[in-house]
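The data block below is input-v2.txt; it holds compact mmCIF, C-alpha atoms.
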```
# COMPACT_ATOMS: atom_id res chain seq x y z
CA MET A 495 10.49 28.47 -6.91
CA ASN A 496 11.19 25.34 -4.89
CA LYS A 497 7.63 24.26 -4.26
CA GLU A 498 6.77 21.31 -6.45
CA SER A 499 3.92 21.82 -8.89
CA PRO A 500 0.95 19.48 -8.35
CA MET A 501 0.63 19.27 -12.15
CA LYS A 502 2.70 16.56 -13.82
CA LEU A 503 4.87 18.21 -16.46
CA GLU A 504 6.03 15.11 -18.35
CA PRO A 505 3.99 14.12 -21.45
CA LEU A 506 1.50 11.29 -21.02
CA ASN A 507 1.58 8.43 -23.51
CA VAL A 508 -2.16 7.81 -23.81
CA THR A 509 -1.70 4.61 -25.81
CA ASN A 510 0.57 3.06 -23.18
CA VAL A 511 -1.87 3.99 -20.43
CA ARG A 512 -4.77 2.35 -22.26
CA ILE A 513 -2.70 -0.76 -22.98
CA GLU A 514 -1.81 -1.05 -19.29
CA LYS A 515 -5.48 -0.73 -18.35
CA LEU A 516 -6.40 -3.41 -20.88
CA LYS A 517 -3.65 -5.67 -19.53
CA SER A 518 -4.93 -5.25 -15.96
CA ILE A 519 -8.39 -6.43 -17.05
CA PHE A 520 -7.46 -9.03 -19.71
CA PRO A 521 -3.89 -10.24 -19.06
CA GLU A 522 -4.67 -13.49 -20.88
CA VAL A 523 -5.06 -11.75 -24.27
CA PHE A 524 -1.45 -10.50 -24.37
CA THR A 525 1.22 -12.62 -26.03
CA GLU A 526 4.83 -11.70 -26.81
CA GLY A 527 4.19 -8.08 -25.91
CA GLY A 528 1.12 -7.53 -28.07
CA VAL A 529 -2.64 -8.04 -28.05
CA ASP A 530 -4.05 -11.22 -29.57
CA PHE A 531 -7.37 -9.82 -30.74
CA ASN A 532 -8.86 -13.27 -31.22
CA ARG A 533 -8.21 -14.00 -27.56
CA LEU A 534 -9.78 -10.66 -26.70
CA LYS A 535 -12.87 -11.56 -28.73
CA ALA A 536 -13.05 -14.92 -26.96
CA ALA A 537 -12.71 -13.22 -23.56
CA LEU A 538 -15.75 -11.13 -24.55
CA GLY A 539 -17.77 -14.22 -25.51
CA ASP A 540 -16.95 -14.85 -29.19
CA MET A 541 -15.64 -18.43 -29.07
CA ASP A 542 -15.46 -18.70 -32.88
CA ALA A 543 -12.50 -16.31 -32.74
CA LEU A 544 -10.33 -19.13 -31.38
CA SER A 545 -10.82 -21.32 -34.44
CA ASP A 546 -9.68 -19.08 -37.30
CA GLY A 547 -6.47 -21.07 -37.81
CA ARG A 548 -4.01 -18.23 -37.13
CA GLN A 549 -0.72 -19.32 -35.58
CA VAL A 550 0.25 -17.27 -32.54
CA TYR A 551 2.51 -18.00 -29.58
CA GLY A 552 0.75 -19.65 -26.67
CA LEU A 553 -0.36 -22.96 -25.20
CA THR A 554 -3.45 -24.55 -26.69
CA TRP A 555 -5.14 -27.94 -26.31
CA PRO A 556 -8.37 -29.73 -27.27
CA GLY A 557 -11.10 -28.28 -25.07
CA LYS A 558 -9.52 -24.91 -24.30
CA ALA A 559 -12.37 -23.02 -25.96
CA ASP A 560 -14.84 -25.01 -23.84
CA ALA A 561 -12.89 -24.14 -20.70
CA ILE A 562 -13.07 -20.43 -21.56
CA ARG A 563 -16.76 -20.74 -22.40
CA ASN A 564 -17.38 -22.49 -19.09
CA ILE A 565 -15.95 -19.50 -17.21
CA GLN A 566 -18.71 -17.37 -18.69
CA ILE A 567 -21.56 -19.74 -17.73
CA PRO A 568 -23.23 -18.28 -14.60
CA SER A 569 -23.54 -20.33 -11.45
CA HIS A 570 -26.88 -21.99 -10.66
CA GLY A 571 -26.07 -22.79 -7.04
CA ALA A 572 -26.42 -20.92 -3.78
CA LEU A 573 -24.50 -20.83 -0.51
CA LEU A 574 -26.41 -22.05 2.54
CA PRO A 575 -25.16 -21.51 6.13
CA CYS A 576 -24.65 -24.53 8.40
CA PRO A 577 -24.68 -23.13 11.97
CA GLU A 578 -24.96 -26.58 13.54
CA GLU A 579 -21.62 -27.61 12.02
CA SER A 580 -19.83 -24.37 12.90
CA ILE A 581 -17.92 -22.92 15.84
CA ASN A 582 -18.93 -19.41 16.94
CA PHE A 583 -21.04 -19.02 13.80
CA ASP A 584 -22.32 -15.52 14.62
CA GLU A 585 -18.94 -14.13 15.74
CA SER A 586 -16.58 -15.80 13.28
CA GLU A 587 -15.21 -13.69 10.45
CA ASN A 588 -14.00 -16.75 8.52
CA ILE A 589 -15.79 -19.16 6.22
CA PHE A 590 -15.26 -22.80 5.33
CA ILE A 591 -17.18 -23.66 2.15
CA GLU A 592 -18.06 -27.19 1.04
CA GLY A 593 -18.65 -27.77 -2.66
CA ASP A 594 -16.99 -28.16 -6.03
CA ASN A 595 -14.33 -25.49 -6.27
CA LEU A 596 -15.40 -24.19 -9.69
CA GLU A 597 -18.96 -23.60 -8.51
CA VAL A 598 -17.67 -21.99 -5.31
CA LEU A 599 -15.34 -19.69 -7.25
CA LYS A 600 -18.24 -18.56 -9.43
CA LEU A 601 -20.42 -17.88 -6.39
CA LEU A 602 -17.66 -15.82 -4.77
CA GLN A 603 -17.18 -13.54 -7.79
CA HIS A 604 -19.88 -11.06 -6.76
CA SER A 605 -19.02 -10.66 -3.07
CA TYR A 606 -15.25 -11.14 -3.11
CA SER A 607 -14.09 -9.80 -6.47
CA GLU A 608 -10.69 -8.07 -5.98
CA LYS A 609 -10.90 -8.48 -2.18
CA ILE A 610 -8.67 -11.50 -1.46
CA LYS A 611 -5.08 -10.87 -0.35
CA MET A 612 -3.71 -14.39 -0.75
CA ILE A 613 -4.85 -17.68 -2.29
CA TYR A 614 -3.16 -21.04 -1.75
CA ILE A 615 -4.36 -24.04 -3.74
CA ASP A 616 -3.27 -27.68 -3.78
CA PRO A 617 -4.85 -29.06 -6.97
CA PRO A 618 -4.66 -32.66 -8.22
CA TYR A 619 -1.19 -33.40 -9.57
CA ASN A 620 -2.59 -35.41 -12.51
CA THR A 621 -0.78 -38.60 -11.57
CA GLY A 622 -3.61 -40.81 -12.86
CA ASN A 623 -6.09 -40.24 -10.05
CA GLU A 624 -9.56 -38.91 -10.78
CA PHE A 625 -10.73 -35.32 -10.79
CA ILE A 626 -13.98 -33.70 -11.88
CA TYR A 627 -14.22 -32.97 -15.61
CA PRO A 628 -16.05 -31.83 -17.66
CA ASP A 629 -17.75 -29.09 -15.65
CA ASN A 630 -21.53 -28.98 -15.89
CA PHE A 631 -23.78 -27.65 -13.15
CA HIS A 632 -27.13 -27.53 -14.90
CA GLU A 633 -28.04 -30.96 -13.50
CA GLY A 634 -28.33 -32.20 -9.95
CA LEU A 635 -25.34 -33.80 -8.22
CA GLN A 636 -26.07 -37.39 -9.30
CA ASP A 637 -26.77 -36.31 -12.89
CA TYR A 638 -23.57 -34.31 -12.84
CA LEU A 639 -21.51 -37.25 -11.60
CA LYS A 640 -22.95 -39.45 -14.36
CA TYR A 641 -22.40 -36.73 -16.97
CA SER A 642 -18.79 -36.34 -15.95
CA GLY A 643 -18.29 -40.11 -16.05
CA GLN A 644 -17.49 -40.41 -12.35
CA ILE A 645 -20.26 -42.92 -11.57
CA ASN A 646 -22.28 -45.39 -13.60
CA ASP A 647 -26.06 -45.86 -13.62
CA GLU A 648 -25.82 -47.94 -10.44
CA GLY A 649 -23.99 -45.14 -8.63
CA PHE A 650 -20.55 -46.78 -8.56
CA LYS A 651 -17.47 -44.66 -9.19
CA VAL A 652 -15.87 -45.49 -12.53
CA SER A 653 -13.83 -42.54 -13.79
CA THR A 654 -10.10 -41.99 -13.67
CA ASN A 655 -7.82 -39.78 -15.69
CA LYS A 656 -5.21 -42.31 -16.79
CA GLU A 657 -2.18 -41.61 -18.95
CA THR A 658 -3.67 -43.95 -21.53
CA ASP A 659 -6.45 -41.41 -22.05
CA GLY A 660 -5.57 -39.42 -25.19
CA ARG A 661 -6.63 -36.20 -23.45
CA TYR A 662 -4.65 -36.83 -20.27
CA HIS A 663 -3.08 -33.36 -20.19
CA SER A 664 -5.94 -31.60 -21.98
CA LYS A 665 -8.51 -32.53 -19.36
CA TRP A 666 -6.26 -31.36 -16.55
CA LEU A 667 -5.48 -28.08 -18.30
CA SER A 668 -9.16 -27.36 -18.95
CA MET A 669 -9.99 -28.09 -15.33
CA MET A 670 -7.21 -25.78 -14.07
CA TYR A 671 -7.69 -22.96 -16.59
CA SER A 672 -11.22 -22.02 -15.58
CA ARG A 673 -10.48 -22.22 -11.86
CA LEU A 674 -7.29 -20.16 -12.03
CA PHE A 675 -9.02 -17.55 -14.19
CA LEU A 676 -11.78 -17.12 -11.61
CA ALA A 677 -9.27 -17.17 -8.75
CA ARG A 678 -7.39 -14.25 -10.31
CA ASN A 679 -10.61 -12.21 -10.34
CA LEU A 680 -10.81 -12.57 -6.55
CA LEU A 681 -7.31 -11.24 -5.87
CA LYS A 682 -6.76 -7.68 -4.69
CA GLU A 683 -4.49 -5.52 -6.81
CA ASP A 684 -1.61 -6.41 -4.47
CA GLY A 685 -2.81 -10.01 -3.97
CA VAL A 686 -0.81 -13.18 -4.64
CA ILE A 687 -1.50 -16.85 -5.34
CA PHE A 688 0.52 -19.98 -4.50
CA ILE A 689 -0.09 -23.23 -6.42
CA SER A 690 1.34 -26.61 -5.44
CA VAL A 691 2.28 -28.98 -8.25
CA ASP A 692 4.76 -31.75 -9.11
CA ASP A 693 6.71 -32.69 -12.23
CA ASN A 694 3.71 -34.09 -14.13
CA GLU A 695 2.16 -30.71 -14.95
CA LEU A 696 4.72 -28.11 -13.82
CA ALA A 697 5.55 -26.96 -17.35
CA ASN A 698 1.92 -26.81 -18.45
CA LEU A 699 0.83 -25.04 -15.26
CA LYS A 700 3.53 -22.40 -15.76
CA GLU A 701 2.26 -21.83 -19.31
CA ILE A 702 -1.37 -21.29 -18.39
CA CYS A 703 -0.45 -19.16 -15.36
CA ASP A 704 1.70 -16.96 -17.62
CA GLU A 705 -1.36 -16.52 -19.83
CA ILE A 706 -3.93 -15.92 -17.08
CA PHE A 707 -1.83 -13.76 -14.75
CA HIS A 708 0.62 -12.61 -17.47
CA GLU A 709 4.26 -13.63 -17.33
CA GLU A 710 5.42 -10.34 -15.80
CA ASN A 711 3.44 -11.27 -12.68
CA PHE A 712 5.40 -14.50 -12.18
CA LEU A 713 7.30 -14.02 -8.90
CA GLY A 714 9.07 -17.36 -8.58
CA ILE A 715 8.98 -21.11 -8.00
CA PHE A 716 9.57 -22.71 -4.61
CA VAL A 717 11.17 -26.14 -4.46
CA VAL A 718 9.66 -27.85 -1.40
CA ASN A 719 11.12 -30.85 0.43
CA SER A 720 7.91 -32.90 0.33
CA SER A 721 9.39 -36.38 0.92
CA PRO A 722 12.73 -36.21 2.80
CA SER A 723 13.38 -39.95 2.56
CA ALA A 724 12.50 -39.89 -1.16
CA ILE A 725 9.83 -41.70 -3.16
CA ASP A 726 11.80 -44.27 -5.14
CA TYR A 727 10.24 -44.97 -8.50
CA GLY A 728 11.38 -44.64 -12.09
CA HIS A 729 14.99 -43.49 -12.28
CA VAL A 730 15.15 -40.75 -9.63
CA GLY A 731 14.27 -40.86 -5.94
CA LYS A 732 11.79 -37.99 -5.75
CA VAL A 733 12.24 -35.65 -2.79
CA HIS A 734 10.53 -32.43 -3.81
CA ASP A 735 7.40 -30.76 -5.14
CA TYR A 736 6.96 -27.20 -6.38
CA VAL A 737 4.92 -24.13 -5.45
CA LEU A 738 4.36 -21.52 -8.17
CA PHE A 739 4.11 -17.93 -6.94
CA TYR A 740 2.18 -15.30 -8.96
CA ALA A 741 0.91 -11.79 -8.29
CA ARG A 742 -2.16 -10.07 -9.63
CA ASN A 743 -0.03 -6.97 -10.17
CA TYR A 744 3.69 -7.30 -9.39
CA LYS A 745 4.01 -3.51 -9.25
CA GLU A 746 1.78 -3.43 -6.17
CA THR A 747 3.04 -6.60 -4.48
CA GLU A 748 4.88 -6.36 -1.16
CA THR A 749 6.43 -9.36 0.57
CA SER A 750 7.65 -9.74 4.16
CA GLN A 751 11.06 -10.97 5.20
CA ILE A 752 11.68 -14.02 7.36
CA PRO A 753 13.75 -13.69 10.58
CA GLU A 754 17.50 -14.18 10.20
CA GLU A 755 19.40 -15.09 13.35
CA GLY A 756 22.71 -13.35 13.96
CA LYS A 757 22.52 -10.97 11.02
CA GLU A 758 25.55 -8.65 10.85
CA PHE A 759 25.51 -4.94 9.97
CA LYS A 760 28.39 -2.91 8.53
CA TYR A 761 27.22 0.56 9.58
CA VAL A 762 25.48 2.22 12.51
CA ASP A 763 23.86 5.64 13.04
CA GLU A 764 21.84 7.29 15.80
CA VAL A 765 18.82 5.16 14.88
CA SER A 766 20.26 1.63 14.65
CA PRO A 767 22.73 -0.57 12.79
CA PHE A 768 22.16 -0.79 9.03
CA ASN A 769 23.45 -2.06 5.70
CA LEU A 770 23.17 -0.45 2.26
CA TYR A 771 20.65 -1.27 -0.44
CA PRO A 772 20.42 0.20 -3.96
CA LEU A 773 17.70 2.81 -4.40
CA TYR A 774 17.21 1.95 -8.07
CA ASN A 775 14.61 -0.63 -9.08
CA GLY A 776 16.18 -3.92 -10.13
CA ASN A 777 13.31 -4.89 -12.43
CA VAL A 778 13.98 -3.72 -15.99
CA ALA A 779 10.22 -3.59 -16.60
CA PHE A 780 10.42 -0.37 -14.58
CA ASN A 781 12.12 2.14 -16.83
CA PRO A 782 11.71 5.80 -17.85
CA ASP A 783 9.04 4.88 -20.41
CA THR A 784 6.87 2.86 -18.03
CA ARG A 785 7.46 4.89 -14.85
CA PRO A 786 8.57 8.41 -15.83
CA ASN A 787 7.75 9.74 -12.36
CA LEU A 788 10.54 7.55 -10.94
CA TYR A 789 13.24 8.86 -13.28
CA TYR A 790 14.83 12.05 -11.98
CA PRO A 791 18.28 13.20 -10.75
CA PHE A 792 19.64 13.57 -7.26
CA TYR A 793 22.43 16.06 -6.64
CA LEU A 794 25.43 15.07 -4.49
CA ASN A 795 27.84 17.43 -2.77
CA PRO A 796 31.31 15.84 -3.13
CA LYS A 797 32.78 18.41 -0.72
CA ASN A 798 30.48 17.66 2.20
CA LYS A 799 30.57 14.31 3.93
CA ILE A 800 27.78 13.91 6.49
CA SER A 801 29.77 11.02 8.00
CA ASP A 802 32.94 9.09 7.25
CA ASP A 803 31.28 7.11 4.46
CA PHE A 804 28.38 9.21 3.12
CA TYR A 805 27.83 12.45 1.24
CA GLU A 806 25.14 15.13 1.41
CA ILE A 807 22.45 14.83 -1.29
CA GLY A 808 19.53 16.98 -2.44
CA LEU A 809 16.96 17.29 -5.22
CA ASP A 810 17.83 20.83 -6.31
CA LYS A 811 20.65 21.58 -8.75
CA LYS A 812 23.53 23.51 -7.17
CA ALA A 813 26.91 24.66 -8.42
CA GLY A 814 29.63 22.08 -7.89
CA TRP A 815 27.20 19.29 -7.01
CA VAL A 816 27.27 16.03 -9.00
CA GLU A 817 24.16 14.86 -10.86
CA VAL A 818 23.26 11.25 -9.99
CA TYR A 819 20.76 9.18 -11.99
CA PRO A 820 19.86 5.50 -11.54
CA VAL A 821 22.32 3.09 -13.16
CA VAL A 822 21.94 1.50 -16.59
CA SER A 823 21.49 -2.29 -16.55
CA ARG A 824 24.78 -3.88 -17.62
CA LYS A 825 23.01 -7.00 -18.87
CA ASP A 826 20.20 -5.35 -20.85
CA GLY A 827 21.49 -1.82 -21.41
CA ILE A 828 18.19 -0.47 -20.02
CA GLN A 829 18.07 2.71 -18.00
CA ARG A 830 16.70 1.93 -14.54
CA VAL A 831 14.53 4.16 -12.37
CA TRP A 832 14.37 4.81 -8.62
CA ARG A 833 12.15 2.78 -6.31
CA TRP A 834 10.97 5.98 -4.60
CA GLY A 835 9.21 8.96 -6.11
CA LYS A 836 10.33 12.52 -5.42
CA PRO A 837 7.91 13.23 -2.53
CA LYS A 838 9.10 10.20 -0.55
CA SER A 839 12.75 10.85 -1.35
CA LYS A 840 12.45 14.48 -0.26
CA GLY A 841 11.34 13.44 3.21
CA GLU A 842 14.25 11.03 3.67
CA LEU A 843 17.18 13.04 2.25
CA ASN A 844 20.35 12.44 4.30
CA LYS A 845 18.34 10.28 6.69
CA GLU A 846 17.32 6.97 5.14
CA ILE A 847 18.86 7.73 1.74
CA VAL A 848 22.39 9.05 1.41
CA GLY A 849 25.14 9.67 -1.11
CA TYR A 850 27.84 7.02 -1.45
CA LYS A 851 31.08 6.60 -3.41
CA THR A 852 31.87 3.13 -4.77
CA ASP A 853 35.32 1.55 -4.80
CA SER A 854 35.52 2.39 -8.50
CA GLY A 855 34.92 6.08 -7.74
CA GLU A 856 31.30 6.32 -8.94
CA TYR A 857 28.73 8.25 -6.94
CA ARG A 858 25.49 6.48 -6.00
CA VAL A 859 22.37 7.21 -3.99
CA VAL A 860 21.62 4.32 -1.63
CA GLN A 861 19.07 3.38 1.01
CA LYS A 862 19.83 2.33 4.56
CA THR A 863 18.26 -1.03 5.34
CA ARG A 864 17.76 -2.07 8.93
CA HIS A 865 15.98 -5.38 8.34
CA THR A 866 16.87 -8.20 10.69
CA GLY A 867 15.40 -10.71 8.26
CA LYS A 868 15.93 -11.92 4.72
CA MET A 869 13.89 -12.78 1.65
CA ILE A 870 12.37 -16.25 1.71
CA ARG A 871 14.55 -18.67 -0.25
CA SER A 872 13.34 -20.48 -3.34
CA ILE A 873 14.42 -23.83 -1.86
CA GLN A 874 12.45 -24.88 1.22
CA ASP A 875 14.36 -27.98 2.26
CA ASP A 876 13.60 -28.46 5.95
CA LYS A 877 11.46 -31.36 7.19
CA GLU A 878 8.83 -29.03 8.66
CA VAL A 879 7.31 -28.56 5.18
CA SER A 880 7.15 -32.25 4.22
CA SER A 881 3.98 -34.20 3.44
CA ARG A 882 4.97 -36.67 6.17
CA LYS A 883 4.63 -33.84 8.69
CA GLY A 884 1.26 -32.94 7.20
CA THR A 885 0.08 -36.57 7.40
CA ALA A 886 0.99 -36.71 11.11
CA GLN A 887 -0.91 -33.47 11.78
CA ILE A 888 -4.02 -34.71 9.96
CA GLU A 889 -3.96 -38.03 11.84
CA GLU A 890 -3.63 -36.11 15.11
CA LEU A 891 -6.75 -34.10 14.23
CA PHE A 892 -8.94 -36.88 12.83
CA GLY A 893 -7.44 -40.02 14.35
CA LYS A 894 -6.89 -41.56 10.90
CA LYS A 895 -5.42 -40.93 7.46
CA VAL A 896 -8.04 -38.83 5.64
CA PHE A 897 -6.26 -38.13 2.35
CA THR A 898 -2.85 -38.53 0.76
CA PHE A 899 0.03 -36.05 0.76
CA PRO A 900 -1.54 -33.31 2.93
CA LYS A 901 0.40 -30.08 3.26
CA PRO A 902 1.71 -29.29 6.78
CA LYS A 903 0.73 -26.21 8.76
CA GLU A 904 4.25 -24.79 8.54
CA LEU A 905 4.18 -24.60 4.74
CA ILE A 906 0.84 -22.79 4.83
CA LYS A 907 2.00 -20.54 7.67
CA ARG A 908 4.94 -19.36 5.59
CA HIS A 909 2.34 -18.12 3.14
CA LYS A 910 0.73 -16.14 5.98
CA LEU A 911 -2.26 -18.32 6.84
CA THR A 912 -3.07 -18.99 10.50
CA ASP A 913 -5.27 -21.32 12.55
CA LEU A 914 -8.75 -19.82 12.86
CA TYR A 915 -12.30 -20.83 13.68
CA PHE A 916 -14.58 -21.06 10.67
CA SER A 917 -18.29 -20.76 10.00
CA ASN A 918 -19.47 -23.53 7.72
CA VAL A 919 -21.31 -22.95 4.42
CA ARG A 920 -22.45 -25.53 1.89
CA ILE A 921 -23.45 -25.29 -1.77
CA ALA A 922 -27.08 -26.18 -2.56
```
Could you quickly redo this structure as structure tokens?
Amino acid sequence: MNKESPMKLEPLNVTNVRIEKLKSIFPEVFTEGGVDFNRLKAALGDMDALSDGRQVYGLTWPGKADAIRNIQIPSHGALLPCPEESINFDESENIFIEGDNLEVLKLLQHSYSEKIKMIYIDPPYNTGNEFIYPDNFHEGLQDYLKYSGQINDEGFKVSTNKETDGRYHSKWLSMMYSRLFLARNLLKEDGVIFISVDDNELANLKEICDEIFHEENFLGIFVVNSSPSAIDYGHVGKVHDYVLFYARNYKETETSQIPEEGKEFKYVDEVSPFNLYPLYNGNVAFNPDTRPNLYYPFYLNPKNKISDDFYEIGLDKKAGWVEVYPVVSRKDGIQRVWRWGKPKSKGELNKEIVGYKTDSGEYRVVQKTRHTGKMIRSIQDDKEVSSRKGTAQIEELFGKKVFTFPKPKELIKRHKLTDLYFSNVRIA
């Protein structure tokens, strides 16, 4: 009976399924592979759970409990349309929102929860300049500015976050934690977030992102050529900044390739030129325990070459055919799984996936790849992504320097944002 049964025959590990569901909802409560139940209690509103004195792995700082508590305080603002400041207000499908970003993020939770494909943020780098902290929106704007120490009774700005402040890093971490937590809630299951930062808080930002998004959803760090001629201070002429890249769920994330001029191909068939790419999944987090549906054998006919280089393969066991499983990781000794499930593989047998014999005589199942592009590189070193380029573009738009170190359009475009008209909305 060749027809596949719609019923899954492998046993289901109910505990693992429930843990994965819990991790998708509360990634911040997992540490070193297990659940920190005090963090879980805090995520559910019990702030006393964070002060029981237990020592567990993770980043903590004075004010972290307040930052978590602040996430749970509902917004008291509202979004008001501003048609007179907008272009094509009734037709535009895009929104530009003015207001403090924490308040905006809270207001967006209801309408945009799990609906955003990509978020790019350029937060303060904590170089000694001011930013809003602590967060309190129960008062009006002027009361809030006084409360947060940004202005005095006469209305003059007084606050900065200097390195001489004993809570220099703590204030920044509390400010970032609540905003990143709420930003994650907005991401779709296959959504991603990019965060610009420099050396001052890179290590701390990576720590809190690993907690909020969970470390398995860390996709990489870009090194960006922000100042080609270098900023000469201290002991090193600084040329670069960083962009951290996280997914909501790395298992669902798909990224596009960038064009590659003059790419060469080793093979060609009736469809087009192609190269070979392993069909097994290179991430050891995907293994027979976590993805049992992706662990199954192919069968290869060593006596039937479908071309000079490739062998016939199938999914049914036949006499004389060689059983081929995904390879075992040489580094970790972990059994890998395929990237494709059986239904998809069945439709591409001897078309886009074929049997192959390595130089060492081992049989493999490989995929034909016809991409004319390549993965984006972790080092972005061309001048098109520099802050100098961004400054010139801002001055062209506004006729003056509006703010320091703006990001250029090209850097944003590489993260798939485009120039659009926006309707304007303001917090009230």
Would you mind telling me which residue in A:Met669, A:Leu674, A:Asn588, A:Thr866 lies nearest to Phe759 in chain A when using all atoms listed in the file?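 Answer, going by the shortest atom-to-atom distance: A:Thr866.
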Option closest in space to Asn698 in chain A, from A:Tyr671, A:Lys883, A:Arg824, A:Trp832 [counting only C-alpha atoms]: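 Among the listed residues, the smallest separation from Asn698 in chain A belongs to A:Tyr671.
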So which residues touch range 727-737 of chain A within 7 Å, counting only C-alpha atoms, skipping near sequence neighbours fewer than 3 positions away, as a ChimeraX atom specification? /A:688-692,715-724
Can you measure CA of Gly814 in chain A to CA of Tyr793 in chain A for me? One decimal in Å is fine. 9.5 Å
For CA of Val529 in chain A and CA of Lys515 in chain A, quote the distance in Å rounded to one decimal. 12.5 Å
Leaving out Val523 in chain A and any residue of its chain fewer than 2 positions from it, which residues lie within 6 Å of it when counting only C-alpha atoms, given as a list in words? Phe520, Pro521, Val529, Asp530, Arg533 and Leu534 of chain A
For range 609-613 of chain A, work out the shell of residues within 9 Å, counting all atoms listed in the file and skipping chain neighbours fewer than 3 positions away, then give it as a list in words.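 Surrounding residues, per the criterion: Ser605, Tyr606, Ala677, Asn679, Leu680, Leu681, Lys682, Glu683, Asp684, Gly685, Val686, Ile687, Phe688, Ile689, His909, Lys910 and Leu911 of chain A.
Distances here use only C-alpha atoms; by that measure, the residue among A:Lys868, A:Ser881, A:Glu806, A:Tyr771 closest to Arg833 in chain A is A:Tyr771.
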Find the distance between CA of Ser750 in chain A and CA of Ile906 in chain A and write it in Å to one decimal. 14.7 Å
How would range 822-833 of chain A read, as a short mmCIF file (atom, residue, chain, number, x, y, z; two decimals), in the coordinates of the input, once N, CA and C atoms are built in?
```
data_model
loop_
_atom_site.label_atom_id
_atom_site.label_comp_id
_atom_site.auth_asym_id
_atom_site.auth_seq_id
_atom_site.Cartn_x
_atom_site.Cartn_y
_atom_site.Cartn_z
N VAL A 822 22.41 2.21 -15.39
CA VAL A 822 21.94 1.50 -16.59
C VAL A 822 22.26 0.02 -16.40
N SER A 823 21.29 -0.85 -16.69
CA SER A 823 21.49 -2.29 -16.55
C SER A 823 22.64 -2.76 -17.44
N ARG A 824 23.64 -3.39 -16.84
CA ARG A 824 24.78 -3.88 -17.62
C ARG A 824 24.36 -5.03 -18.54
N LYS A 825 23.43 -5.83 -18.09
CA LYS A 825 23.01 -7.00 -18.87
C LYS A 825 22.15 -6.59 -20.06
N ASP A 826 21.18 -5.69 -19.82
CA ASP A 826 20.20 -5.35 -20.85
C ASP A 826 20.43 -3.99 -21.49
N GLY A 827 21.28 -3.16 -20.89
CA GLY A 827 21.49 -1.82 -21.41
C GLY A 827 20.29 -0.91 -21.22
N ILE A 828 19.42 -1.24 -20.27
CA ILE A 828 18.19 -0.47 -20.02
C ILE A 828 18.40 0.49 -18.85
N GLN A 829 17.99 1.72 -19.05
CA GLN A 829 18.07 2.71 -18.00
C GLN A 829 17.08 2.36 -16.89
N ARG A 830 17.57 2.24 -15.68
CA ARG A 830 16.70 1.93 -14.54
C ARG A 830 16.10 3.21 -13.97
N VAL A 831 15.15 3.03 -13.06
CA VAL A 831 14.53 4.16 -12.37
C VAL A 831 14.65 3.92 -10.87
N TRP A 832 14.32 4.94 -10.08
CA TRP A 832 14.37 4.81 -8.62
C TRP A 832 13.16 4.01 -8.12
N ARG A 833 13.28 3.47 -6.95
CA ARG A 833 12.15 2.78 -6.31
C ARG A 833 11.23 3.78 -5.61
#
```
